[in-house]
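Undergrad: One structure coming up, written as structure tokens, with questions to follow.
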Amino acid sequence: MAEIVSLADAVAVAIRDGDTVAMEGFTHLIPHAAGHEVIRQRRRDLTLVRMTPDVIYDQLIGAGCARKLVFSWGGNPGVGSLHRFRDAVQHSWPCPLELEEHSHAGMANRYVAGASGLPFAVLRGYSGTSLAAHTPNIAEISCPFTGETLTAVAALRPDVTVIHAQRADLAGNVQFWGITGVQKEAVLAARQSVVTVEEIVEALDPRPGAVVLPSWAVGYVALAPGGAHPSYALGYSSRDNDFYIAWDAISKDRDTFSRWLDQHVYLGAAR
Amino acid sequence: MTAGYTADEMMAVTASRALRDGMTCFVGIGLPSEAANLAQATHAPNLVLIYESGTIGARPGALPLSIGDGILAETADTVVSVPEIFNYWLQPGRIDVGFLGAAQIDRFGNINTTVIGQDYAEPKVRLPGAGGAPEIAASCREVIVVVRQSPRAFVDKVDFVTSVGFGDGPGCRERLGLTGAGPRKIVTDLGVLEPDPVTFELTLTGVCPGVSVKEVKAGTGWELSVSAGLRELPRPAAAELAALRALRAATPASEGAN
């Protein structure tokens with residue numbers, strides 16, 4: 001059964017230095033509050049996994065939490081580059097960042113394999129690209145039935161997956177809807193999970209298209225209203241596009257970024 | 001602006017005209033999204049917009065800043081998970097056209113959105129990476145690329161193959177087992193390039209009004225061939241410009257690739 005705890009306690013208990021941590025949320029429901037708590041608790045040497053490392057991973061990387069990034073698209077959606085990510089890759093600031101990169105289809109299937117308890121997943125993908133040359137986690141495989149050459153990708157099995165959801169009930173059952181991304185697979189692929197929620201209600205009523213993760217499949221649930229900001233939670237908040245645009249200038253310069261981190265993350269009270 | 005429209009507007013209109021009504025279209029963010037939404041607002045009201053966030057049949061009305069804006073989910077026929085959008089919808093070849101951007105594109109239509117520079121470990125410029133593009137380029141029935149023309153973007157050979165066009169030439173897609181036909185059209189702010197039917201090399205087939213072939217050649221990093229059937233592209237209609245400007249006015253101020 002999921003334990004309902006504070007976000008600070010959830011991060012303190014679930015995430016250790018050196019862990020492989022996946023924070024998922026495809027534009028929608030990105031667990032920003034949880035990411036900030038990881039920064040505040042000064043976790044180090046994390047292998048961060050995420051299909052679309054955007055602003056929250058830029059912050060984690062710039063704060064020095066990450067040793068390695070496993071991803072498929074690293075940018076500020078609709079705005080441009082991630083400057084902290086670039087600075088880490090090109091100048092090792094604040095520390096070197098090892099990269100392992102995939103396509104979205106490859107990453108999604110790696111989570112599916114992890115959630116399914118399989119060592120790998122099969123897809124039509126990567127053929128002819130330069131991507132396979134840079135990681136051992138992409139390999140050709142021959143179909144045992146047709147002989148066709150396909151691509152295998154190694155399963156992702158994070159130590160911890162962190163997601164943000166609209167709601168949980170008092171028993172710790174989690175419900176989220178709208179663009180649900182790859183969060184279900186990411187949680188089921190991981191050994192442990194932390195879910196922040198907009199609200200905790202007595203009982204969940206059915207929602208069209210909602211994903212429900214039963215309490216017994218979740219590790220920790222923590223209340224964090226507005227915890228996706230500047231991402232959003234459908235039905236609760238809108239995407240703060242202005243912040244994404246403003247992040248470009250905040251993150252461009254190391255000092256401006258460090259000041260922002262001091263003001264908005266280190267001095268911000270843990271929820 | 002003496003023509004009454006900008007080169008970027010001309011590019012968006014030309015790209016939108018490459019989409020036919022009723023097509024299913026897998027859309028990248030940025031220039032492709034703008035052109036696809038323009039097509040839906042003008043001549044292709046039944047264009048099915050599919051974004052990699054899992055939204056199928058979105059009708060955003062304004063340009064989304066990201067592929068996962070709430071407006072996409074709220075207006076979609078259905079929203080599916082990310083594994084589903086790639087595995088069930090893209091991979092089997094159900095989608096007519098993939099609409100992509102590029103940082104670099106080469107003479108065989110191969111796309112780089114990963115790194116600029118020969119050394120992957122020490123890149124000159126680190127770009128966002130692949131996203132959904134490799135499989136969109138592989139599995140959509142055809143691909144349209146929208147990219148501003150410059151010798152830095154149009155290179156003889158990409159530094160990194162993120163998404164395959166025609167590989168090293170004729171027969172390559174078949175050898176690689178790629179099911180879609182590959183790039184049909186590259187729409188730029190200067191004109192349109194299409195693969196030569198025999199060599200598969202990108203060839204100039206259309207120029208924007210007021211643009212010379214010399215200018216396009218100067219914006220291309222290889223010896224650009226010009227099609228015998230080269231034509232001047234039709235100017236944007238007033239209704240198209242009005243629709244495009246209305247879309248932009250309803251959109252947060254920014255731009256960027258994918």
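Residue numbering restarts at 1 in every chain; chains get A, B, ... in the order shown in the structure tokens, and ligands count up from 1 in that same order.
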Which polymer residues have any atom within 12 Å of an atom of Val187 (chain A), counting only C-alpha atoms, with same-chain residues fewer than 6 positions away left out, as number ranges by chain?

TA: A: 21-25, 111-112, 114-116, 156-165, 174, 181, 193-195, 211-220

Undergrad: Can you write just those residues out, N, CA and C atoms, as an mmCIF file, in the first residue's frame?

TA:
```cif
data_model
loop_
_atom_site.group_PDB
_atom_site.id
_atom_site.type_symbol
_atom_site.label_atom_id
_atom_site.label_comp_id
_atom_site.auth_asym_id
_atom_site.auth_seq_id
_atom_site.Cartn_x
_atom_site.Cartn_y
_atom_site.Cartn_z
ATOM 1 N N VAL A 21 16.929 7.696 -11.444
ATOM 2 C CA VAL A 21 15.631 8.300 -11.145
ATOM 3 C C VAL A 21 14.964 8.756 -12.438
ATOM 4 N N ALA A 22 13.740 8.310 -12.657
ATOM 5 C CA ALA A 22 12.956 8.775 -13.805
ATOM 6 C C ALA A 22 11.873 9.713 -13.303
ATOM 7 N N MET A 23 11.858 10.945 -13.801
ATOM 8 C CA MET A 23 10.750 11.853 -13.522
ATOM 9 C C MET A 23 10.032 12.029 -14.844
ATOM 10 N N GLU A 24 8.819 11.508 -14.934
ATOM 11 C CA GLU A 24 8.124 11.556 -16.221
ATOM 12 C C GLU A 24 6.922 12.489 -16.179
ATOM 13 N N GLY A 25 6.356 12.710 -17.331
ATOM 14 C CA GLY A 25 5.302 13.699 -17.534
ATOM 15 C C GLY A 25 5.582 14.320 -18.880
ATOM 16 N N TYR A 111 10.597 1.621 -21.416
ATOM 17 C CA TYR A 111 9.741 1.615 -20.226
ATOM 18 C C TYR A 111 8.734 0.456 -20.282
ATOM 19 N N VAL A 112 8.174 0.223 -21.476
ATOM 20 C CA VAL A 112 7.208 -0.879 -21.620
ATOM 21 C C VAL A 112 7.869 -2.210 -21.232
ATOM 22 N N GLY A 114 10.424 -2.616 -19.230
ATOM 23 C CA GLY A 114 10.636 -2.601 -17.782
ATOM 24 C C GLY A 114 9.348 -2.917 -17.038
ATOM 25 N N ALA A 115 8.249 -2.297 -17.462
ATOM 26 C CA ALA A 115 6.957 -2.534 -16.814
ATOM 27 C C ALA A 115 6.482 -3.962 -17.022
ATOM 28 N N SER A 116 6.886 -4.561 -18.152
ATOM 29 C CA SER A 116 6.434 -5.915 -18.485
ATOM 30 C C SER A 116 7.319 -6.996 -17.888
ATOM 31 N N LEU A 156 14.231 -0.367 -19.371
ATOM 32 C CA LEU A 156 14.573 0.629 -18.353
ATOM 33 C C LEU A 156 13.977 0.166 -17.033
ATOM 34 N N ARG A 157 14.810 0.143 -16.006
ATOM 35 C CA ARG A 157 14.343 -0.225 -14.666
ATOM 36 C C ARG A 157 14.865 0.790 -13.667
ATOM 37 N N PRO A 158 14.193 1.946 -13.563
ATOM 38 C CA PRO A 158 14.681 2.974 -12.635
ATOM 39 C C PRO A 158 14.615 2.476 -11.188
ATOM 40 N N ASP A 159 15.522 2.992 -10.350
ATOM 41 C CA ASP A 159 15.372 2.743 -8.915
ATOM 42 C C ASP A 159 14.090 3.401 -8.421
ATOM 43 N N VAL A 160 13.853 4.603 -8.894
ATOM 44 C CA VAL A 160 12.674 5.357 -8.469
ATOM 45 C C VAL A 160 12.071 6.083 -9.663
ATOM 46 N N THR A 161 10.764 6.025 -9.789
ATOM 47 C CA THR A 161 10.067 6.888 -10.745
ATOM 48 C C THR A 161 9.249 7.902 -9.967
ATOM 49 N N VAL A 162 9.305 9.148 -10.407
ATOM 50 C CA VAL A 162 8.571 10.236 -9.772
ATOM 51 C C VAL A 162 7.592 10.815 -10.786
ATOM 52 N N ILE A 163 6.315 10.907 -10.436
ATOM 53 C CA ILE A 163 5.338 11.534 -11.328
ATOM 54 C C ILE A 163 4.434 12.470 -10.528
ATOM 55 N N HIS A 164 3.720 13.328 -11.262
ATOM 56 C CA HIS A 164 2.714 14.191 -10.642
ATOM 57 C C HIS A 164 1.359 13.775 -11.207
ATOM 58 N N ALA A 165 0.343 13.715 -10.362
ATOM 59 C CA ALA A 165 -0.989 13.284 -10.796
ATOM 60 C C ALA A 165 -2.025 14.279 -10.285
ATOM 61 N N VAL A 174 -4.036 6.308 -7.055
ATOM 62 C CA VAL A 174 -3.654 7.511 -7.808
ATOM 63 C C VAL A 174 -4.421 7.566 -9.122
ATOM 64 N N GLY A 181 0.920 10.416 -21.155
ATOM 65 C CA GLY A 181 2.330 10.168 -21.468
ATOM 66 C C GLY A 181 2.772 8.735 -21.257
ATOM 67 N N SER A 193 8.350 4.163 -6.199
ATOM 68 C CA SER A 193 7.772 5.326 -6.870
ATOM 69 C C SER A 193 7.305 6.380 -5.875
ATOM 70 N N VAL A 194 7.349 7.625 -6.330
ATOM 71 C CA VAL A 194 6.845 8.765 -5.567
ATOM 72 C C VAL A 194 5.844 9.488 -6.464
ATOM 73 N N VAL A 195 4.637 9.706 -5.978
ATOM 74 C CA VAL A 195 3.624 10.412 -6.756
ATOM 75 C C VAL A 195 3.182 11.645 -5.977
ATOM 76 N N VAL A 211 -6.055 7.253 -16.067
ATOM 77 C CA VAL A 211 -5.227 6.128 -15.640
ATOM 78 C C VAL A 211 -5.348 6.051 -14.118
ATOM 79 N N VAL A 212 -5.591 4.855 -13.612
ATOM 80 C CA VAL A 212 -5.586 4.667 -12.162
ATOM 81 C C VAL A 212 -4.458 3.709 -11.804
ATOM 82 N N LEU A 213 -3.615 4.144 -10.898
ATOM 83 C CA LEU A 213 -2.582 3.253 -10.359
ATOM 84 C C LEU A 213 -3.041 2.851 -8.966
ATOM 85 N N PRO A 214 -3.324 1.571 -8.774
ATOM 86 C CA PRO A 214 -3.799 1.151 -7.463
ATOM 87 C C PRO A 214 -2.746 1.364 -6.383
ATOM 88 N N SER A 215 -3.207 1.656 -5.206
ATOM 89 C CA SER A 215 -2.333 1.971 -4.079
ATOM 90 C C SER A 215 -1.189 0.965 -3.924
ATOM 91 N N TRP A 216 -1.508 -0.322 -4.137
ATOM 92 C CA TRP A 216 -0.483 -1.345 -3.899
ATOM 93 C C TRP A 216 0.615 -1.354 -4.961
ATOM 94 N N ALA A 217 0.431 -0.557 -6.043
ATOM 95 C CA ALA A 217 1.481 -0.465 -7.068
ATOM 96 C C ALA A 217 2.288 0.825 -6.944
ATOM 97 N N VAL A 218 2.032 1.585 -5.869
ATOM 98 C CA VAL A 218 2.671 2.892 -5.693
ATOM 99 C C VAL A 218 3.420 2.903 -4.359
ATOM 100 N N GLY A 219 4.573 3.586 -4.315
ATOM 101 C CA GLY A 219 5.344 3.645 -3.074
ATOM 102 C C GLY A 219 4.859 4.734 -2.127
ATOM 103 N N TYR A 220 5.049 5.974 -2.549
ATOM 104 C CA TYR A 220 4.703 7.113 -1.695
ATOM 105 C C TYR A 220 3.816 8.096 -2.452
#
```

Undergrad: Any idea what's packed within 12 Å of region 231-240 of chain A, counting only C-alpha atoms, ignoring anything in its chain fewer than 4 positions away? Could you give it as a PyMOL selection string?

TA: (chain A and resi 24-33+54-56+76-77+163-167+175-180+196-199+207+210+224-227+244-247) or (chain B and resi 64-74+252)

Undergrad: Can you pull out every residue within 12 Å of region 196-202 of chain B, counting only C-alpha atoms, but drop anything in the same chain fewer than 6 positions away, and send it as a PDB file with N, CA and C atoms, in the first residue's frame?

TA:
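Okay, this is what ended up in part_11.pdb:
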```pdb
ATOM      1  N   ILE B 105      20.129  19.333 -42.876  1.00  0.00           N
ATOM      2  CA  ILE B 105      19.580  18.332 -43.798  1.00  0.00           C
ATOM      3  C   ILE B 105      20.568  18.205 -44.949  1.00  0.00           C
ATOM      4  N   ASP B 106      20.758  16.983 -45.452  1.00  0.00           N
ATOM      5  CA  ASP B 106      21.772  16.828 -46.497  1.00  0.00           C
ATOM      6  C   ASP B 106      21.155  16.517 -47.855  1.00  0.00           C
ATOM      7  N   ARG B 107      22.030  16.285 -48.835  1.00  0.00           N
ATOM      8  CA  ARG B 107      21.558  16.168 -50.224  1.00  0.00           C
ATOM      9  C   ARG B 107      20.643  14.959 -50.416  1.00  0.00           C
ATOM     10  N   PHE B 108      20.708  13.990 -49.511  1.00  0.00           N
ATOM     11  CA  PHE B 108      19.788  12.854 -49.587  1.00  0.00           C
ATOM     12  C   PHE B 108      18.657  12.943 -48.568  1.00  0.00           C
ATOM     13  N   GLY B 109      18.446  14.143 -48.028  1.00  0.00           N
ATOM     14  CA  GLY B 109      17.287  14.351 -47.154  1.00  0.00           C
ATOM     15  C   GLY B 109      17.436  13.735 -45.774  1.00  0.00           C
ATOM     16  N   ASN B 110      18.657  13.348 -45.397  1.00  0.00           N
ATOM     17  CA  ASN B 110      18.885  12.866 -44.031  1.00  0.00           C
ATOM     18  C   ASN B 110      18.906  14.061 -43.084  1.00  0.00           C
ATOM     19  N   VAL B 145       9.538  18.180 -44.961  1.00  0.00           N
ATOM     20  CA  VAL B 145      10.439  18.869 -44.037  1.00  0.00           C
ATOM     21  C   VAL B 145      10.308  20.372 -44.276  1.00  0.00           C
ATOM     22  N   PHE B 154      21.765  23.372 -44.941  1.00  0.00           N
ATOM     23  CA  PHE B 154      21.748  22.479 -46.106  1.00  0.00           C
ATOM     24  C   PHE B 154      23.176  22.062 -46.415  1.00  0.00           C
ATOM     25  N   VAL B 155      23.557  20.906 -45.881  1.00  0.00           N
ATOM     26  CA  VAL B 155      24.950  20.467 -45.962  1.00  0.00           C
ATOM     27  C   VAL B 155      25.073  19.247 -46.868  1.00  0.00           C
ATOM     28  N   ASP B 156      26.283  19.044 -47.371  1.00  0.00           N
ATOM     29  CA  ASP B 156      26.523  17.908 -48.254  1.00  0.00           C
ATOM     30  C   ASP B 156      26.234  16.595 -47.527  1.00  0.00           C
ATOM     31  N   LYS B 157      26.698  16.517 -46.269  1.00  0.00           N
ATOM     32  CA  LYS B 157      26.484  15.300 -45.479  1.00  0.00           C
ATOM     33  C   LYS B 157      26.265  15.721 -44.034  1.00  0.00           C
ATOM     34  N   GLY B 165      16.649  10.017 -44.404  1.00  0.00           N
ATOM     35  CA  GLY B 165      15.897  10.386 -45.597  1.00  0.00           C
ATOM     36  C   GLY B 165      16.067   9.274 -46.616  1.00  0.00           C
ATOM     37  N   PHE B 166      17.025   9.459 -47.535  1.00  0.00           N
ATOM     38  CA  PHE B 166      17.315   8.396 -48.496  1.00  0.00           C
ATOM     39  C   PHE B 166      18.698   7.788 -48.236  1.00  0.00           C
ATOM     40  N   GLY B 167      19.216   7.972 -47.024  1.00  0.00           N
ATOM     41  CA  GLY B 167      20.495   7.344 -46.666  1.00  0.00           C
ATOM     42  C   GLY B 167      21.594   7.794 -47.589  1.00  0.00           C
ATOM     43  N   ASP B 168      22.209   6.815 -48.304  1.00  0.00           N
ATOM     44  CA  ASP B 168      23.272   7.180 -49.237  1.00  0.00           C
ATOM     45  C   ASP B 168      22.783   7.120 -50.683  1.00  0.00           C
ATOM     46  N   GLY B 169      21.457   7.044 -50.861  1.00  0.00           N
ATOM     47  CA  GLY B 169      20.951   7.114 -52.237  1.00  0.00           C
ATOM     48  C   GLY B 169      19.966   5.997 -52.563  1.00  0.00           C
ATOM     49  N   PRO B 170      19.809   5.703 -53.858  1.00  0.00           N
ATOM     50  CA  PRO B 170      18.791   4.737 -54.301  1.00  0.00           C
ATOM     51  C   PRO B 170      18.931   3.376 -53.618  1.00  0.00           C
ATOM     52  N   GLY B 171      17.827   2.802 -53.202  1.00  0.00           N
ATOM     53  CA  GLY B 171      17.816   1.460 -52.622  1.00  0.00           C
ATOM     54  C   GLY B 171      18.092   1.432 -51.136  1.00  0.00           C
ATOM     55  N   CYS B 172      18.527   2.551 -50.577  1.00  0.00           N
ATOM     56  CA  CYS B 172      18.956   2.536 -49.164  1.00  0.00           C
ATOM     57  C   CYS B 172      17.783   2.298 -48.216  1.00  0.00           C
ATOM     58  N   ARG B 173      16.664   2.968 -48.433  1.00  0.00           N
ATOM     59  CA  ARG B 173      15.518   2.793 -47.524  1.00  0.00           C
ATOM     60  C   ARG B 173      15.054   1.333 -47.535  1.00  0.00           C
ATOM     61  N   ALA B 181       7.918   6.074 -47.650  1.00  0.00           N
ATOM     62  CA  ALA B 181       8.607   6.447 -48.887  1.00  0.00           C
ATOM     63  C   ALA B 181       9.710   7.489 -48.670  1.00  0.00           C
ATOM     64  N   GLY B 182       9.727   8.123 -47.496  1.00  0.00           N
ATOM     65  CA  GLY B 182      10.772   9.121 -47.251  1.00  0.00           C
ATOM     66  C   GLY B 182      10.340  10.522 -47.654  1.00  0.00           C
ATOM     67  N   PRO B 183      11.301  11.475 -47.648  1.00  0.00           N
ATOM     68  CA  PRO B 183      10.952  12.874 -47.895  1.00  0.00           C
ATOM     69  C   PRO B 183      10.367  13.094 -49.291  1.00  0.00           C
ATOM     70  N   ARG B 184       9.209  13.739 -49.354  1.00  0.00           N
ATOM     71  CA  ARG B 184       8.606  14.070 -50.648  1.00  0.00           C
ATOM     72  C   ARG B 184       8.923  15.508 -51.028  1.00  0.00           C
ATOM     73  N   LYS B 185       9.049  16.354 -50.010  1.00  0.00           N
ATOM     74  CA  LYS B 185       9.188  17.785 -50.265  1.00  0.00           C
ATOM     75  C   LYS B 185       9.958  18.434 -49.129  1.00  0.00           C
ATOM     76  N   ILE B 186      10.912  19.288 -49.465  1.00  0.00           N
ATOM     77  CA  ILE B 186      11.575  20.119 -48.469  1.00  0.00           C
ATOM     78  C   ILE B 186      11.155  21.553 -48.774  1.00  0.00           C
ATOM     79  N   VAL B 187      10.418  22.152 -47.840  1.00  0.00           N
ATOM     80  CA  VAL B 187       9.915  23.508 -48.057  1.00  0.00           C
ATOM     81  C   VAL B 187      10.797  24.478 -47.285  1.00  0.00           C
ATOM     82  N   THR B 220      22.747  26.714 -50.276  1.00  0.00           N
ATOM     83  CA  THR B 220      22.848  25.249 -50.248  1.00  0.00           C
ATOM     84  C   THR B 220      24.316  24.844 -50.210  1.00  0.00           C
ATOM     85  N   GLY B 221      24.644  23.924 -49.316  1.00  0.00           N
ATOM     86  CA  GLY B 221      26.031  23.543 -49.099  1.00  0.00           C
ATOM     87  C   GLY B 221      26.537  22.468 -50.046  1.00  0.00           C
ATOM     88  N   TRP B 222      25.790  22.120 -51.064  1.00  0.00           N
ATOM     89  CA  TRP B 222      26.297  21.221 -52.098  1.00  0.00           C
ATOM     90  C   TRP B 222      25.910  21.807 -53.459  1.00  0.00           C
ATOM     91  N   GLU B 223      26.452  21.238 -54.508  1.00  0.00           N
ATOM     92  CA  GLU B 223      26.166  21.733 -55.868  1.00  0.00           C
ATOM     93  C   GLU B 223      24.723  21.353 -56.202  1.00  0.00           C
ATOM     94  N   LEU B 224      23.808  22.299 -55.996  1.00  0.00           N
ATOM     95  CA  LEU B 224      22.377  22.006 -56.102  1.00  0.00           C
ATOM     96  C   LEU B 224      21.952  21.841 -57.563  1.00  0.00           C
ATOM     97  N   SER B 225      21.314  20.716 -57.866  1.00  0.00           N
ATOM     98  CA  SER B 225      20.759  20.520 -59.211  1.00  0.00           C
ATOM     99  C   SER B 225      19.410  21.217 -59.304  1.00  0.00           C
ATOM    100  N   VAL B 226      19.108  21.689 -60.496  1.00  0.00           N
ATOM    101  CA  VAL B 226      17.841  22.380 -60.722  1.00  0.00           C
ATOM    102  C   VAL B 226      16.999  21.541 -61.673  1.00  0.00           C
ATOM    103  N   SER B 227      15.774  21.299 -61.293  1.00  0.00           N
ATOM    104  CA  SER B 227      14.883  20.480 -62.096  1.00  0.00           C
ATOM    105  C   SER B 227      14.547  21.173 -63.409  1.00  0.00           C
ATOM    106  N   ALA B 228      14.406  20.373 -64.492  1.00  0.00           N
ATOM    107  CA  ALA B 228      14.027  20.914 -65.803  1.00  0.00           C
ATOM    108  C   ALA B 228      12.643  21.568 -65.707  1.00  0.00           C
ATOM    109  N   GLY B 229      11.843  21.069 -64.793  1.00  0.00           N
ATOM    110  CA  GLY B 229      10.478  21.595 -64.657  1.00  0.00           C
ATOM    111  C   GLY B 229      10.359  22.683 -63.592  1.00  0.00           C
TER     112      GLY B 229
END
```

Undergrad: Could you write out as a ChimeraX atom specification the residues of chain A within 8 Å of chain B, counting only C-alpha atoms?

TA: /A:26-28,51-52,72-75,77-81,86,89-90,101-105,108-109,112,123-131,149,178-182,209,234,238-239,241-242,245

Undergrad: Restricting it to N, CA and C atoms, dump the selection as a compact mmCIF listing (two decimals), in the first residue's frame.

TA:
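And here's again39.txt as it stands now:
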```
# COMPACT_ATOMS: atom_id res chain seq x y z
N PHE A 26 4.71 14.08 -19.86
CA PHE A 26 4.97 14.51 -21.22
C PHE A 26 4.35 15.88 -21.42
N THR A 27 5.12 16.93 -21.13
CA THR A 27 4.67 18.33 -21.14
C THR A 27 3.65 18.60 -20.05
N HIS A 28 2.65 17.75 -19.96
CA HIS A 28 1.61 17.81 -18.92
C HIS A 28 2.12 17.09 -17.67
N MET A 51 12.11 11.08 -21.05
CA MET A 51 12.03 11.20 -22.50
C MET A 51 12.33 12.63 -22.94
N THR A 52 11.72 13.60 -22.26
CA THR A 52 11.84 14.99 -22.68
C THR A 52 12.40 15.87 -21.58
N SER A 72 15.50 11.27 -24.77
CA SER A 72 15.29 11.26 -26.22
C SER A 72 15.13 12.65 -26.82
N TRP A 73 14.76 13.65 -26.04
CA TRP A 73 14.70 15.02 -26.59
C TRP A 73 14.93 16.00 -25.46
N GLY A 74 16.02 16.77 -25.54
CA GLY A 74 16.35 17.71 -24.48
C GLY A 74 16.27 19.13 -24.98
N GLY A 75 15.17 19.79 -24.68
CA GLY A 75 15.01 21.17 -25.11
C GLY A 75 13.93 21.85 -24.31
N PRO A 77 10.54 23.22 -24.85
CA PRO A 77 9.60 23.03 -25.96
C PRO A 77 9.07 24.35 -26.52
N GLY A 78 9.23 24.54 -27.81
CA GLY A 78 8.72 25.72 -28.47
C GLY A 78 9.58 26.95 -28.24
N VAL A 79 10.58 26.87 -27.37
CA VAL A 79 11.40 28.03 -27.05
C VAL A 79 12.81 27.89 -27.61
N GLY A 80 13.47 26.76 -27.35
CA GLY A 80 14.83 26.58 -27.87
C GLY A 80 15.63 25.61 -27.04
N SER A 81 16.90 25.98 -26.79
CA SER A 81 17.82 25.06 -26.13
C SER A 81 17.69 25.14 -24.62
N ARG A 86 23.22 22.24 -21.98
CA ARG A 86 24.30 22.51 -22.93
C ARG A 86 25.61 22.81 -22.22
N VAL A 89 27.12 19.64 -20.92
CA VAL A 89 27.66 18.78 -21.97
C VAL A 89 28.91 19.40 -22.59
N GLN A 90 28.86 20.71 -22.85
CA GLN A 90 29.95 21.34 -23.60
C GLN A 90 31.09 21.82 -22.70
N GLU A 101 21.43 8.60 -25.40
CA GLU A 101 20.24 9.12 -26.05
C GLU A 101 19.59 8.15 -27.00
N HIS A 102 18.28 8.33 -27.09
CA HIS A 102 17.40 7.43 -27.85
C HIS A 102 16.42 8.25 -28.65
N SER A 103 15.52 7.55 -29.33
CA SER A 103 14.35 8.20 -29.92
C SER A 103 13.20 8.05 -28.92
N HIS A 104 12.14 8.84 -29.12
CA HIS A 104 10.97 8.69 -28.25
C HIS A 104 10.42 7.26 -28.29
N ALA A 105 10.31 6.71 -29.51
CA ALA A 105 9.76 5.36 -29.63
C ALA A 105 10.63 4.37 -28.85
N ALA A 108 10.09 4.96 -25.01
CA ALA A 108 8.76 4.48 -24.61
C ALA A 108 8.77 2.96 -24.51
N ASN A 109 9.38 2.32 -25.50
CA ASN A 109 9.43 0.86 -25.48
C ASN A 109 10.35 0.32 -24.39
N VAL A 112 8.17 0.22 -21.48
CA VAL A 112 7.21 -0.88 -21.62
C VAL A 112 7.87 -2.21 -21.23
N LEU A 123 11.13 -3.12 -31.67
CA LEU A 123 10.42 -2.12 -32.48
C LEU A 123 11.07 -2.01 -33.86
N ARG A 124 10.33 -1.34 -34.76
CA ARG A 124 10.96 -0.89 -35.99
C ARG A 124 11.49 0.49 -35.69
N GLY A 125 12.78 0.62 -35.60
CA GLY A 125 13.30 1.93 -35.25
C GLY A 125 14.80 1.97 -35.35
N TYR A 126 15.35 3.16 -35.36
CA TYR A 126 16.79 3.44 -35.32
C TYR A 126 17.54 3.03 -36.58
N SER A 127 16.92 2.24 -37.49
CA SER A 127 17.67 1.72 -38.64
C SER A 127 18.26 2.86 -39.46
N GLY A 128 19.56 2.77 -39.70
CA GLY A 128 20.23 3.75 -40.53
C GLY A 128 20.62 5.02 -39.81
N THR A 129 20.22 5.17 -38.54
CA THR A 129 20.58 6.38 -37.80
C THR A 129 21.94 6.20 -37.12
N SER A 130 22.51 7.32 -36.66
CA SER A 130 23.79 7.26 -35.94
C SER A 130 23.57 6.94 -34.45
N LEU A 131 22.34 6.85 -34.01
CA LEU A 131 22.07 6.72 -32.58
C LEU A 131 22.61 5.42 -31.99
N THR A 149 14.85 -8.32 -39.87
CA THR A 149 15.71 -7.63 -38.92
C THR A 149 14.94 -6.50 -38.24
N GLY A 178 -6.02 13.32 -19.08
CA GLY A 178 -5.47 14.29 -20.05
C GLY A 178 -4.35 13.59 -20.81
N ILE A 179 -3.27 14.29 -21.08
CA ILE A 179 -2.11 13.64 -21.71
C ILE A 179 -1.40 12.84 -20.62
N THR A 180 -1.50 11.51 -20.73
CA THR A 180 -0.98 10.66 -19.66
C THR A 180 0.43 10.12 -19.96
N GLY A 181 0.92 10.42 -21.16
CA GLY A 181 2.33 10.17 -21.47
C GLY A 181 2.77 8.74 -21.26
N VAL A 182 3.87 8.57 -20.55
CA VAL A 182 4.46 7.25 -20.34
C VAL A 182 4.54 6.97 -18.83
N GLY A 209 -11.04 8.36 -19.69
CA GLY A 209 -9.65 8.29 -20.12
C GLY A 209 -8.61 8.35 -19.01
N LEU A 234 -4.20 19.22 -15.98
CA LEU A 234 -5.48 19.46 -16.64
C LEU A 234 -6.62 19.44 -15.61
N SER A 238 -3.20 25.82 -15.86
CA SER A 238 -2.79 25.92 -17.27
C SER A 238 -1.28 25.98 -17.35
N ARG A 239 -0.77 25.55 -18.50
CA ARG A 239 0.68 25.61 -18.71
C ARG A 239 1.12 27.07 -18.68
N ASN A 241 3.16 29.20 -20.10
CA ASN A 241 4.05 29.37 -21.24
C ASN A 241 5.02 30.52 -21.03
N ASP A 242 4.58 31.56 -20.33
CA ASP A 242 5.46 32.71 -20.09
C ASP A 242 6.70 32.30 -19.30
N ILE A 245 9.19 30.63 -21.57
CA ILE A 245 9.88 31.63 -22.39
C ILE A 245 10.90 32.38 -21.53
```

Undergrad: Which parts of region 41-140 of chain A does DSSP call alpha helix (DSSP H) when run on the backbone here, written out as a count of residues only?

TA: 30

Undergrad: Restricting the calculation to only C-alpha atoms: of A:Leu118, A:Ala189, A:Met107, A:Leu82, which residue gets closest to Gln59 (chain A)?

TA: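 Result for the nearest residue to Gln59 (chain A): A:Leu82.
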
Undergrad: May I ask for the distance between CA of Leu247 (chain B) and CA of Asp96 (chain B), given in Å to one decimal place?

TA: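 CA of Leu247 (chain B) sits 24.0 Å away from CA of Asp96 (chain B).
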
Undergrad: Tell me, in Å to one decimal, how far CA of Ala88 (chain A) is from CA of Val115 (chain B).

TA: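 For CA of Ala88 (chain A) relative to CA of Val115 (chain B), the distance reads 14.5 Å.
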
Undergrad: Report, in Å to a single decimal, how far apart CA of Thr47 (chain A) and CA of Glu140 (chain A) are.

TA: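 The value is 25.3 Å.
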
Undergrad: Show me, as a short mmCIF file (atom, residue, chain, number, x, y, z; two decimals) with C-alpha atoms, in the first residue's frame, the residues that have an atom within 9 Å of Ala41 (chain B) when counting only C-alpha atoms, minus same-chain residues fewer than 6 positions from it.

TA:
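This is the output file selection_4.cif:
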```
data_model
loop_
_atom_site.label_atom_id
_atom_site.label_comp_id
_atom_site.auth_asym_id
_atom_site.auth_seq_id
_atom_site.Cartn_x
_atom_site.Cartn_y
_atom_site.Cartn_z
CA GLY B 61 -7.28 26.81 -33.09
CA GLU B 240 -4.17 32.22 -46.30
CA ALA B 243 -5.53 32.79 -41.39
CA LEU B 244 -1.80 32.51 -40.72
CA LEU B 247 -3.03 31.81 -35.81
#
```
